[in-house]
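Q: To be precise about what I am sending: the file is called target.cif and holds mmCIF, C-alpha atoms.
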data_data
#
loop_
_atom_site.label_atom_id
_atom_site.label_comp_id
_atom_site.auth_asym_id
_atom_site.auth_seq_id
_atom_site.Cartn_x
_atom_site.Cartn_y
_atom_site.Cartn_z
CA MET A 180 0.00 0.00 0.00
CA THR A 181 0.91 3.64 -0.51
CA LYS A 182 0.01 6.60 1.68
CA ALA A 183 -1.66 9.59 0.03
CA ILE A 184 -3.65 12.73 0.71
CA ARG A 185 -7.02 12.37 -1.04
CA ILE A 186 -10.06 14.61 -1.30
CA HIS A 187 -13.51 13.02 -1.46
CA THR A 188 -15.37 16.31 -1.81
CA ASN A 189 -14.36 19.87 -2.64
CA GLY A 190 -13.89 22.38 0.15
CA GLY A 191 -11.34 23.85 2.56
CA PRO A 192 -8.08 22.32 3.81
CA GLU A 193 -10.08 20.05 6.11
CA VAL A 194 -11.32 17.92 3.17
CA MET A 195 -7.85 16.47 2.62
CA VAL A 196 -7.57 12.99 4.15
CA TRP A 197 -4.36 11.02 4.85
CA GLU A 198 -5.14 7.42 3.93
CA ASP A 199 -3.93 4.15 2.44
CA VAL A 200 -4.28 3.61 -1.30
CA PRO A 201 -3.16 0.68 -3.45
CA THR A 202 0.37 1.04 -4.82
CA PRO A 203 -0.06 1.62 -8.57
CA GLU A 204 1.75 -0.41 -11.18
CA PRO A 205 3.29 1.29 -14.23
CA GLY A 206 1.67 0.48 -17.55
CA PRO A 207 3.05 1.03 -21.06
CA GLY A 208 4.93 4.31 -21.25
CA GLU A 209 4.72 4.87 -17.48
CA ALA A 210 7.08 4.94 -14.51
CA LEU A 211 6.54 4.34 -10.80
CA ILE A 212 8.42 6.82 -8.63
CA LYS A 213 9.02 7.09 -4.90
CA HIS A 214 8.60 10.71 -3.86
CA GLU A 215 11.33 12.31 -1.78
CA ALA A 216 9.70 15.75 -1.88
CA ILE A 217 6.49 17.24 -3.29
CA GLY A 218 5.91 20.86 -4.27
CA LEU A 219 3.04 22.98 -2.94
CA ASN A 220 1.38 25.35 -5.40
CA PHE A 221 -1.72 27.53 -5.54
CA ILE A 222 -3.11 25.36 -8.32
CA ASP A 223 -3.42 22.62 -5.67
CA VAL A 224 -5.82 24.91 -3.81
CA TYR A 225 -7.85 25.47 -6.99
CA PHE A 226 -8.38 21.72 -7.49
CA ARG A 227 -9.11 21.16 -3.80
CA SER A 228 -11.67 23.97 -3.62
CA GLY A 229 -13.33 23.12 -6.93
CA LEU A 230 -12.32 26.33 -8.75
CA TYR A 231 -10.65 23.99 -11.25
CA LYS A 232 -12.76 20.98 -12.16
CA ALA A 233 -11.22 17.66 -11.10
CA PRO A 234 -11.31 14.66 -13.44
CA GLY A 235 -13.19 12.78 -10.70
CA LEU A 236 -13.39 12.09 -6.98
CA PRO A 237 -11.76 10.85 -4.83
CA LEU A 238 -8.75 12.78 -6.11
CA ILE A 239 -5.05 12.95 -5.27
CA ILE A 240 -4.00 16.52 -5.99
CA GLY A 241 -0.45 17.82 -6.44
CA GLN A 242 1.36 18.56 -9.69
CA GLU A 243 5.04 18.76 -8.81
CA GLY A 244 7.53 16.42 -7.23
CA ALA A 245 10.95 14.79 -7.20
CA GLY A 246 12.05 11.29 -6.34
CA THR A 247 13.54 8.01 -7.50
CA VAL A 248 12.29 5.67 -10.23
CA LEU A 249 11.23 2.32 -8.69
CA ALA A 250 9.92 0.59 -11.82
CA VAL A 251 9.04 1.28 -15.45
CA GLY A 252 6.40 -0.13 -17.74
CA PRO A 253 6.83 -1.78 -21.12
CA ASP A 254 8.62 0.18 -23.86
CA VAL A 255 10.08 2.78 -21.48
CA LYS A 256 13.69 3.47 -22.46
CA SER A 257 14.16 6.54 -20.27
CA PRO A 258 14.23 7.13 -17.36
CA ALA A 259 15.68 3.96 -15.84
CA VAL A 260 15.11 2.33 -12.47
CA GLY A 261 17.18 4.21 -9.88
CA ASP A 262 17.25 7.52 -11.75
CA ARG A 263 16.69 10.74 -9.83
CA VAL A 264 13.80 12.54 -11.53
CA ALA A 265 11.49 15.51 -11.20
CA TYR A 266 8.28 16.62 -12.89
CA ALA A 267 5.57 19.25 -13.08
CA GLY A 268 2.10 18.90 -14.51
CA PRO A 269 0.10 15.69 -14.03
CA LEU A 270 -2.18 15.41 -10.98
CA GLY A 271 -1.37 12.80 -8.34
CA GLY A 272 1.57 14.26 -6.46
CA TYR A 273 0.34 14.10 -2.86
CA ALA A 274 1.39 10.47 -2.41
CA THR A 275 4.43 8.59 -1.17
CA GLU A 276 4.56 6.74 -4.52
CA ARG A 277 2.89 7.46 -7.83
CA VAL A 278 2.71 6.38 -11.46
CA ILE A 279 3.32 9.00 -14.13
CA ALA A 280 3.86 9.11 -17.88
CA ALA A 281 7.59 8.60 -18.36
CA ASP A 282 7.80 11.36 -20.98
CA ARG A 283 6.77 13.89 -18.32
CA LEU A 284 9.83 13.11 -16.17
CA VAL A 285 13.17 14.85 -16.50
CA LYS A 286 16.40 13.67 -14.92
CA LEU A 287 17.39 15.76 -11.93
CA PRO A 288 21.04 16.84 -11.96
CA ASP A 289 23.06 15.40 -9.07
CA ALA A 290 23.90 18.92 -7.89
CA ILE A 291 20.22 19.73 -7.28
CA SER A 292 18.58 18.22 -4.18
CA PHE A 293 15.19 16.50 -4.20
CA GLU A 294 13.74 19.32 -2.09
CA THR A 295 14.98 21.97 -4.51
CA GLY A 296 13.83 19.92 -7.47
CA ALA A 297 10.33 19.56 -6.05
CA ALA A 298 10.20 23.25 -5.23
CA MET A 299 11.46 24.50 -8.59
CA MET A 300 9.78 22.48 -11.32
CA LEU A 301 6.30 23.94 -11.68
CA GLN A 302 7.32 27.39 -10.50
CA GLY A 303 10.62 27.45 -12.37
CA LEU A 304 9.24 26.11 -15.65
CA THR A 305 6.43 28.66 -15.34
CA ALA A 306 8.92 31.48 -14.84
CA GLN A 307 10.94 30.29 -17.83
CA TYR A 308 8.10 30.37 -20.32
CA LEU A 309 6.73 33.63 -18.93
CA ILE A 310 9.90 35.65 -19.42
CA ARG A 311 11.47 33.73 -22.30
CA ARG A 312 8.46 32.97 -24.52
CA THR A 313 5.20 34.64 -23.48
CA PHE A 314 7.08 37.94 -23.38
CA ALA A 315 10.80 37.75 -24.14
CA VAL A 316 12.27 40.01 -21.48
CA LYS A 317 15.32 41.89 -22.71
CA PRO A 318 17.89 44.33 -21.28
CA GLY A 319 16.35 47.70 -20.50
CA ASP A 320 12.79 46.46 -20.02
CA THR A 321 10.88 47.48 -16.90
CA ILE A 322 8.34 44.86 -15.85
CA VAL A 323 5.73 44.44 -13.11
CA VAL A 324 5.66 41.17 -11.16
CA HIS A 325 2.78 40.47 -8.76
CA ALA A 326 3.28 38.21 -5.70
CA ALA A 327 6.96 39.03 -6.06
CA ALA A 328 7.87 37.27 -2.80
CA GLY A 329 6.10 34.05 -3.76
CA GLY A 330 7.61 30.98 -5.39
CA VAL A 331 7.24 32.06 -9.02
CA GLY A 332 7.73 35.71 -8.09
CA LEU A 333 11.16 35.25 -6.52
CA ILE A 334 12.33 33.26 -9.54
CA LEU A 335 10.97 35.89 -11.92
CA CYS A 336 12.71 38.69 -10.02
CA GLN A 337 16.09 36.96 -10.10
CA TRP A 338 15.88 35.75 -13.67
CA ALA A 339 14.59 39.05 -15.07
CA GLN A 340 17.34 40.95 -13.27
CA HIS A 341 19.88 38.55 -14.81
CA LEU A 342 18.41 39.35 -18.24
CA GLY A 343 18.97 43.06 -17.64
CA ALA A 344 15.43 44.09 -16.78
CA THR A 345 14.21 46.37 -14.01
CA VAL A 346 11.62 44.64 -11.83
CA ILE A 347 8.79 46.38 -10.01
CA GLY A 348 7.64 43.80 -7.47
CA VAL A 349 4.13 43.97 -6.00
CA VAL A 350 3.77 42.42 -2.54
CA SER A 351 1.36 42.39 0.41
CA SER A 352 3.69 43.47 3.24
CA GLU A 353 6.90 45.33 3.99
CA GLU A 354 8.52 42.06 5.04
CA LYS A 355 7.77 40.58 1.64
CA ALA A 356 8.99 43.75 -0.05
CA GLU A 357 12.36 43.30 1.62
CA LEU A 358 12.52 39.70 0.44
CA ALA A 359 11.65 40.66 -3.14
CA ARG A 360 14.33 43.38 -3.18
CA ALA A 361 16.89 40.88 -1.87
CA HIS A 362 16.11 38.69 -4.90
CA GLY A 363 16.33 41.22 -7.70
CA ALA A 364 13.36 43.58 -7.49
CA ALA A 365 14.65 47.11 -8.06
CA HIS A 366 11.40 48.62 -6.76
CA THR A 367 8.60 47.28 -4.61
CA VAL A 368 4.99 48.35 -4.13
CA VAL A 369 2.99 47.17 -1.12
CA GLY A 370 -0.62 46.59 -2.16
CA HIS A 371 -2.23 47.38 -5.48
CA THR A 372 -4.59 50.28 -4.75
CA LYS A 373 -2.09 52.87 -5.97
CA LEU A 374 -0.08 50.55 -8.20
CA ALA A 375 -0.58 52.38 -11.51
CA ALA A 376 0.41 55.71 -9.92
CA GLU A 377 3.56 54.16 -8.47
CA VAL A 378 4.47 52.57 -11.80
CA LYS A 379 3.92 55.90 -13.51
CA ARG A 380 6.24 57.58 -11.00
CA ILE A 381 8.93 54.90 -11.27
CA THR A 382 8.89 54.86 -15.08
CA GLY A 383 8.60 58.63 -15.53
CA GLY A 384 5.23 58.18 -17.18
CA ALA A 385 6.34 55.58 -19.71
CA MET A 386 4.54 52.66 -17.96
CA VAL A 387 5.59 49.05 -18.69
CA PRO A 388 5.46 46.66 -21.67
CA VAL A 389 4.33 43.66 -19.62
CA VAL A 390 2.65 42.78 -16.32
CA TYR A 391 2.86 39.28 -14.84
CA ASP A 392 -0.23 38.81 -12.65
CA SER A 393 -0.89 35.61 -10.68
CA VAL A 394 -3.35 37.20 -8.26
CA GLY A 395 -6.34 37.49 -10.58
CA LYS A 396 -9.61 39.20 -9.65
CA ASP A 397 -8.28 41.71 -7.11
CA THR A 398 -5.42 43.06 -9.23
CA PHE A 399 -6.55 42.73 -12.85
CA ALA A 400 -7.77 46.32 -13.30
CA ALA A 401 -4.71 47.81 -11.60
CA SER A 402 -2.43 45.66 -13.75
CA ILE A 403 -4.08 46.80 -16.97
CA ASP A 404 -3.56 50.44 -15.95
CA CYS A 405 0.21 49.85 -15.60
CA LEU A 406 0.67 49.00 -19.27
CA ALA A 407 2.15 51.19 -21.94
CA PRO A 408 0.38 51.27 -25.34
CA LEU A 409 0.66 47.86 -27.05
CA GLY A 410 1.57 46.35 -23.69
CA LEU A 411 0.91 42.73 -22.73
CA MET A 412 -1.20 41.68 -19.75
CA VAL A 413 -0.15 38.18 -18.65
CA SER A 414 -2.78 36.74 -16.29
CA TYR A 415 -1.42 33.37 -15.19
CA GLY A 416 -3.09 32.75 -11.83
CA ASN A 417 -6.18 33.31 -9.66
CA ALA A 418 -4.94 33.55 -6.07
CA SER A 419 -7.73 36.03 -5.24
CA GLY A 420 -10.32 34.38 -7.47
CA PRO A 421 -11.00 34.23 -11.21
CA VAL A 422 -10.97 37.41 -13.29
CA PRO A 423 -14.55 38.45 -14.22
CA PRO A 424 -15.54 38.58 -17.89
CA VAL A 425 -13.73 41.34 -19.78
CA ASP A 426 -15.15 43.78 -22.32
CA ILE A 427 -12.43 43.54 -24.96
CA SER A 428 -13.15 47.06 -26.21
CA MET A 429 -11.40 48.17 -23.01
CA LEU A 430 -8.13 46.83 -24.42
CA GLY A 431 -8.44 49.16 -27.39
CA ALA A 432 -9.43 52.16 -25.30
CA LYS A 433 -6.43 51.71 -22.99
CA GLY A 434 -3.83 51.55 -25.75
CA SER A 435 -4.41 48.57 -28.08
CA LEU A 436 -3.31 46.22 -25.32
CA TYR A 437 -2.76 42.47 -25.54
CA LEU A 438 -4.15 39.96 -23.02
CA THR A 439 -3.12 36.32 -22.55
CA ARG A 440 -3.97 33.53 -20.11
CA PRO A 441 -1.10 31.04 -20.57
CA THR A 442 -0.61 27.62 -18.99
CA LEU A 443 2.48 25.50 -18.46
CA ALA A 444 0.74 22.51 -20.06
CA THR A 445 0.55 24.29 -23.41
CA TYR A 446 4.19 25.35 -23.34
CA THR A 447 5.41 21.82 -22.50
CA THR A 448 3.06 19.71 -24.63
CA LYS A 449 5.97 18.64 -26.83
CA ARG A 450 8.64 16.54 -25.13
CA SER A 451 11.30 18.62 -26.90
CA ASP A 452 9.93 21.82 -25.37
CA LEU A 453 9.84 20.29 -21.89
CA GLU A 454 13.45 19.17 -22.20
CA ARG A 455 14.61 22.55 -23.49
CA ILE A 456 12.78 24.55 -20.83
CA ALA A 457 13.96 22.24 -18.05
CA ALA A 458 17.56 22.37 -19.28
CA GLU A 459 17.53 26.17 -19.17
CA LEU A 460 15.99 26.13 -15.70
CA PHE A 461 18.60 23.65 -14.42
CA GLU A 462 21.35 25.81 -15.92
CA VAL A 463 20.31 29.04 -14.18
CA VAL A 464 19.75 27.25 -10.88
CA GLY A 465 22.95 25.23 -11.12
CA SER A 466 25.00 28.32 -11.91
CA GLY A 467 23.53 30.25 -8.99
CA VAL A 468 21.80 32.87 -11.16
CA VAL A 469 18.48 31.78 -9.64
CA LYS A 470 18.35 30.59 -6.04
CA ILE A 471 15.31 28.51 -5.08
CA GLN A 472 14.01 29.60 -1.69
CA VAL A 473 12.48 26.64 0.17
CA ASN A 474 11.20 28.65 3.11
CA GLN A 475 8.61 26.21 4.51
CA THR A 476 8.57 22.44 4.92
CA PHE A 477 5.61 20.34 6.05
CA ALA A 478 5.07 16.61 6.41
CA LEU A 479 2.87 15.34 3.59
CA LYS A 480 0.31 14.14 6.14
CA ASP A 481 0.02 17.78 7.29
CA ALA A 482 -0.81 19.11 3.83
CA GLY A 483 -3.92 20.75 5.25
CA LEU A 484 -1.78 22.99 7.45
CA ALA A 485 0.36 23.88 4.45
CA HIS A 486 -2.71 24.86 2.43
CA ALA A 487 -4.02 27.02 5.26
CA ALA A 488 -0.68 28.84 5.52
CA LEU A 489 -0.52 29.36 1.75
CA GLU A 490 -4.05 30.75 1.53
CA ALA A 491 -3.44 33.06 4.48
CA ARG A 492 -0.40 34.48 2.67
CA LYS A 493 1.83 33.34 5.52
CA THR A 494 4.34 31.69 3.19
CA THR A 495 7.16 33.12 1.13
CA GLY A 496 9.19 31.51 -1.62
CA SER A 497 8.56 27.80 -2.07
CA THR A 498 7.01 25.19 0.21
CA VAL A 499 7.64 21.45 0.02
CA LEU A 500 5.84 18.47 1.50
CA ILE A 501 7.97 15.59 2.74
CA PRO A 502 6.46 12.06 2.66
#
In structure tokens, write the structure found in this file.

A:
Amino acid sequence: MTKAIRIHTNGGPEVMVWEDVPTPEPGPGEALIKHEAIGLNFIDVYFRSGLYKAPGLPLIIGQEGAGTVLAVGPDVKSPAVGDRVAYAGPLGGYATERVIAADRLVKLPDAISFETGAAMMLQGLTAQYLIRRTFAVKPGDTIVVHAAAGGVGLILCQWAQHLGATVIGVVSSEEKAELARAHGAAHTVVGHTKLAAEVKRITGGAMVPVVYDSVGKDTFAASIDCLAPLGLMVSYGNASGPVPPVDISMLGAKGSLYLTRPTLATYTTKRSDLERIAAELFEVVGSGVVKIQVNQTFALKDAGLAHAALEARKTTGSTVLIP
């Protein structure tokens, strides 16, 4: 048997139950892995609460982890039994062992720990596509990053600074502002009520070409008002709830703006894209350009406590669950 956190109905952190489940066997194209660490992400909250529709109940949530390959199914040439691997994407992470499509696994470099690997995959791959593909950040750009002291936010701040950009980090407290500045944010803004005015002041009226917004409903309007003409609004999360329907004529009135709602799944559909994105992430982490901040650790059986802390904005950087 395997231990797992399962939800039998949608709701708050209390609906997550620590229980025995049958140990799965890998089928064709699959691998069985033993988790050493599991990443905590806001998307886990969305599936638990029902904001994102689950494929069925009971459900094992969790979309990021790192561990060791225990067995592989027929026709799997890579990875091999014993390999250190990490992944982001498929549901089923909140378990001591899990089966996963082998082509979703990437080999974890020896220099990167399981805890770092679990903490960096979903957040790091997200940061990569956001600043390298969704909007290719270049030297001289000034960008706005919401939740700048969170897992994705801290990676974005560091990576964008490395690329020569000036980061305006939006945070919810002075403590988080200090953390964001320590990781590459040149400017910080606490709260979003006067965000556009602060961005206007910082940029001398020029505003910014892109805003990365993972907060959603509460910050969408303020984010739009930070954009220069032809700017890109990147809404990639819903921490405060989903963005209400948008009248697209507003985009024209505010400067022929662009709006996108990207997902990691789309950017890593092809195995070649996953490998390329992961390789670039491993390179910047391995070289020290990006430091992964694992600031909270919980036992997997205490995942409910981890969710409560995340939703109360009591966490910074990354959080991992240890089986």

Q: Which residues would end up in the selection if the PyMOL selection byres ((chain A and resi 341) around 12) were applied here, given that I need the answer as a list in words?

A: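 In the shown coordinates, the PyMOL selection byres ((chain A and resi 341) around 12) covers Ile310, Val316, Lys317, Pro318, Gly319, Asp320, Ile334, Leu335, Cys336, Gln337, Trp338, Ala339, Gln340, Leu342, Gly343, Ala344, Thr345, Val346, His362, Gly363, Ala364, Val463, Val464, Ser466, Gly467, Val468, Val469 and Lys470 of chain A.
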
Q: I need the residue set behind the PyMOL selection byres ((chain A and resi 368) around 8) for this file; please write it as JSON, numbers by chain.

A: {"A": [347, 348, 349, 350, 356, 366, 367, 369, 370, 371, 374, 377]}

Q: Please return, as an mmCIF file with C-alpha atoms, in the coordinates of the input, all polymer residues that have at least one atom within 9 Å of the point (6.0, 32.9, -6.7); use only C-alpha atoms and the file's own coordinate frame.

A:
data_model
loop_
_atom_site.group_PDB
_atom_site.id
_atom_site.type_symbol
_atom_site.label_atom_id
_atom_site.label_comp_id
_atom_site.auth_asym_id
_atom_site.auth_seq_id
_atom_site.Cartn_x
_atom_site.Cartn_y
_atom_site.Cartn_z
ATOM 1 C CA ASN A 220 1.380 25.350 -5.400
ATOM 2 C CA GLN A 302 7.320 27.390 -10.500
ATOM 3 C CA ALA A 306 8.920 31.480 -14.840
ATOM 4 C CA HIS A 325 2.780 40.470 -8.760
ATOM 5 C CA ALA A 326 3.280 38.210 -5.700
ATOM 6 C CA ALA A 327 6.960 39.030 -6.060
ATOM 7 C CA ALA A 328 7.870 37.270 -2.800
ATOM 8 C CA GLY A 329 6.100 34.050 -3.760
ATOM 9 C CA GLY A 330 7.610 30.980 -5.390
ATOM 10 C CA VAL A 331 7.240 32.060 -9.020
ATOM 11 C CA GLY A 332 7.730 35.710 -8.090
ATOM 12 C CA LEU A 333 11.160 35.250 -6.520
ATOM 13 C CA ILE A 334 12.330 33.260 -9.540
ATOM 14 C CA LEU A 335 10.970 35.890 -11.920
ATOM 15 C CA SER A 393 -0.890 35.610 -10.680
ATOM 16 C CA THR A 495 7.160 33.120 1.130
ATOM 17 C CA GLY A 496 9.190 31.510 -1.620
ATOM 18 C CA SER A 497 8.560 27.800 -2.070
#

Q: Out of A:Val324, A:Ala491, A:Ile291, A:Met300, which residue has the shortest atom-to-atom distance to Tyr415 of chain A when counting only C-alpha atoms?

A: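 For Tyr415 of chain A, the nearest of the given residues is A:Val324.
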
Q: Go through A:Val390, A:Ala245, A:Leu406, A:Ala267 one by one, measure the shortest atom-to-atom distance of each to His214 of chain A using only C-alpha atoms, and give the residue with the smallest value.

A: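 For His214 of chain A, the nearest of the given residues is A:Ala245.
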
Q: Between atom CA of Arg450 of chain A and atom CA of Ala280 of chain A, what distance in Å does the model show, to one decimal?

A: 11.4 Å

Q: Carefully work through the PyMOL selection byres ((chain A and resi 407) around 6) for this structure and note down the residues it includes, as a ChimeraX atom specification.

A: /A:386-388,406,408,410

Q: Dump C-alpha atoms for the selected residues as a compact mmCIF listing (two decimals), keeping the file's coordinate frame?

A:
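The resulting selection.txt:
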# COMPACT_ATOMS: atom_id res chain seq x y z
CA MET A 386 4.54 52.66 -17.96
CA VAL A 387 5.59 49.05 -18.69
CA PRO A 388 5.46 46.66 -21.67
CA LEU A 406 0.67 49.00 -19.27
CA PRO A 408 0.38 51.27 -25.34
CA GLY A 410 1.57 46.35 -23.69

Q: Of the candidates A:Lys256, A:Lys213, A:Lys286, A:Arg311, which shows the shortest atom-to-atom distance to Phe461 of chain A, using only C-alpha atoms?

A: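 Looking only at the distances to Phe461 of chain A, the closest residue turns out to be A:Lys286.
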
Q: Of the candidates A:Val278, A:Met195, A:Ala376, A:Val413, which one gets nearest to Leu309 of chain A if we count all atoms listed in the file?

A: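 Looking only at the distances to Leu309 of chain A, the closest residue turns out to be A:Val413.
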
Q: Would you mind writing segment 430-452 of chain A with N, CA and C atoms, as a PDB file, keeping the file's coordinate frame?

A:
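Below is the file that was written, part_17.pdb:
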ATOM      1  N   LEU A 430      -9.525  46.978 -24.007  1.00  0.00           N
ATOM      2  CA  LEU A 430      -8.130  46.830 -24.420  1.00  0.00           C
ATOM      3  C   LEU A 430      -7.764  47.868 -25.479  1.00  0.00           C
ATOM      4  N   GLY A 431      -8.688  48.134 -26.378  1.00  0.00           N
ATOM      5  CA  GLY A 431      -8.440  49.160 -27.390  1.00  0.00           C
ATOM      6  C   GLY A 431      -8.399  50.550 -26.784  1.00  0.00           C
ATOM      7  N   ALA A 432      -9.348  50.826 -25.900  1.00  0.00           N
ATOM      8  CA  ALA A 432      -9.430  52.160 -25.300  1.00  0.00           C
ATOM      9  C   ALA A 432      -8.209  52.489 -24.457  1.00  0.00           C
ATOM     10  N   LYS A 433      -7.571  51.484 -23.883  1.00  0.00           N
ATOM     11  CA  LYS A 433      -6.430  51.710 -22.990  1.00  0.00           C
ATOM     12  C   LYS A 433      -5.077  51.584 -23.703  1.00  0.00           C
ATOM     13  N   GLY A 434      -5.105  51.519 -25.030  1.00  0.00           N
ATOM     14  CA  GLY A 434      -3.830  51.550 -25.750  1.00  0.00           C
ATOM     15  C   GLY A 434      -3.546  50.336 -26.613  1.00  0.00           C
ATOM     16  N   SER A 435      -4.588  49.756 -27.211  1.00  0.00           N
ATOM     17  CA  SER A 435      -4.410  48.570 -28.080  1.00  0.00           C
ATOM     18  C   SER A 435      -3.596  47.495 -27.369  1.00  0.00           C
ATOM     19  N   LEU A 436      -4.045  47.166 -26.169  1.00  0.00           N
ATOM     20  CA  LEU A 436      -3.310  46.220 -25.320  1.00  0.00           C
ATOM     21  C   LEU A 436      -3.545  44.775 -25.759  1.00  0.00           C
ATOM     22  N   TYR A 437      -2.639  43.903 -25.331  1.00  0.00           N
ATOM     23  CA  TYR A 437      -2.760  42.470 -25.540  1.00  0.00           C
ATOM     24  C   TYR A 437      -3.049  41.799 -24.189  1.00  0.00           C
ATOM     25  N   LEU A 438      -3.809  40.704 -24.231  1.00  0.00           N
ATOM     26  CA  LEU A 438      -4.150  39.960 -23.020  1.00  0.00           C
ATOM     27  C   LEU A 438      -3.974  38.473 -23.296  1.00  0.00           C
ATOM     28  N   THR A 439      -3.278  37.760 -22.397  1.00  0.00           N
ATOM     29  CA  THR A 439      -3.120  36.320 -22.550  1.00  0.00           C
ATOM     30  C   THR A 439      -3.309  35.619 -21.217  1.00  0.00           C
ATOM     31  N   ARG A 440      -3.809  34.379 -21.301  1.00  0.00           N
ATOM     32  CA  ARG A 440      -3.970  33.530 -20.110  1.00  0.00           C
ATOM     33  C   ARG A 440      -3.231  32.214 -20.399  1.00  0.00           C
ATOM     34  N   PRO A 441      -1.903  32.203 -20.190  1.00  0.00           N
ATOM     35  CA  PRO A 441      -1.100  31.040 -20.570  1.00  0.00           C
ATOM     36  C   PRO A 441      -1.111  29.946 -19.504  1.00  0.00           C
ATOM     37  N   THR A 442      -0.765  28.729 -19.926  1.00  0.00           N
ATOM     38  CA  THR A 442      -0.610  27.620 -18.990  1.00  0.00           C
ATOM     39  C   THR A 442       0.678  26.865 -19.319  1.00  0.00           C
ATOM     40  N   LEU A 443       1.265  26.287 -18.277  1.00  0.00           N
ATOM     41  CA  LEU A 443       2.480  25.500 -18.460  1.00  0.00           C
ATOM     42  C   LEU A 443       2.222  24.304 -19.366  1.00  0.00           C
ATOM     43  N   ALA A 444       1.042  23.700 -19.261  1.00  0.00           N
ATOM     44  CA  ALA A 444       0.740  22.510 -20.060  1.00  0.00           C
ATOM     45  C   ALA A 444       0.898  22.788 -21.548  1.00  0.00           C
ATOM     46  N   THR A 445       0.442  23.950 -21.993  1.00  0.00           N
ATOM     47  CA  THR A 445       0.550  24.290 -23.410  1.00  0.00           C
ATOM     48  C   THR A 445       2.002  24.434 -23.831  1.00  0.00           C
ATOM     49  N   TYR A 446       2.790  25.080 -22.990  1.00  0.00           N
ATOM     50  CA  TYR A 446       4.190  25.350 -23.340  1.00  0.00           C
ATOM     51  C   TYR A 446       5.076  24.117 -23.251  1.00  0.00           C
ATOM     52  N   THR A 447       4.593  23.044 -22.633  1.00  0.00           N
ATOM     53  CA  THR A 447       5.410  21.820 -22.500  1.00  0.00           C
ATOM     54  C   THR A 447       4.722  20.612 -23.117  1.00  0.00           C
ATOM     55  N   THR A 448       3.758  20.835 -23.997  1.00  0.00           N
ATOM     56  CA  THR A 448       3.060  19.710 -24.630  1.00  0.00           C
ATOM     57  C   THR A 448       4.049  18.817 -25.372  1.00  0.00           C
ATOM     58  N   LYS A 449       4.960  19.413 -26.115  1.00  0.00           N
ATOM     59  CA  LYS A 449       5.970  18.640 -26.830  1.00  0.00           C
ATOM     60  C   LYS A 449       7.095  18.261 -25.883  1.00  0.00           C
ATOM     61  N   ARG A 450       7.525  17.011 -25.954  1.00  0.00           N
ATOM     62  CA  ARG A 450       8.640  16.540 -25.130  1.00  0.00           C
ATOM     63  C   ARG A 450       9.881  17.399 -25.356  1.00  0.00           C
ATOM     64  N   SER A 451      10.120  17.806 -26.592  1.00  0.00           N
ATOM     65  CA  SER A 451      11.300  18.620 -26.900  1.00  0.00           C
ATOM     66  C   SER A 451      11.250  19.964 -26.194  1.00  0.00           C
ATOM     67  N   ASP A 452      10.064  20.548 -26.083  1.00  0.00           N
ATOM     68  CA  ASP A 452       9.930  21.820 -25.370  1.00  0.00           C
ATOM     69  C   ASP A 452      10.173  21.637 -23.884  1.00  0.00           C
TER      70      ASP A 452
END
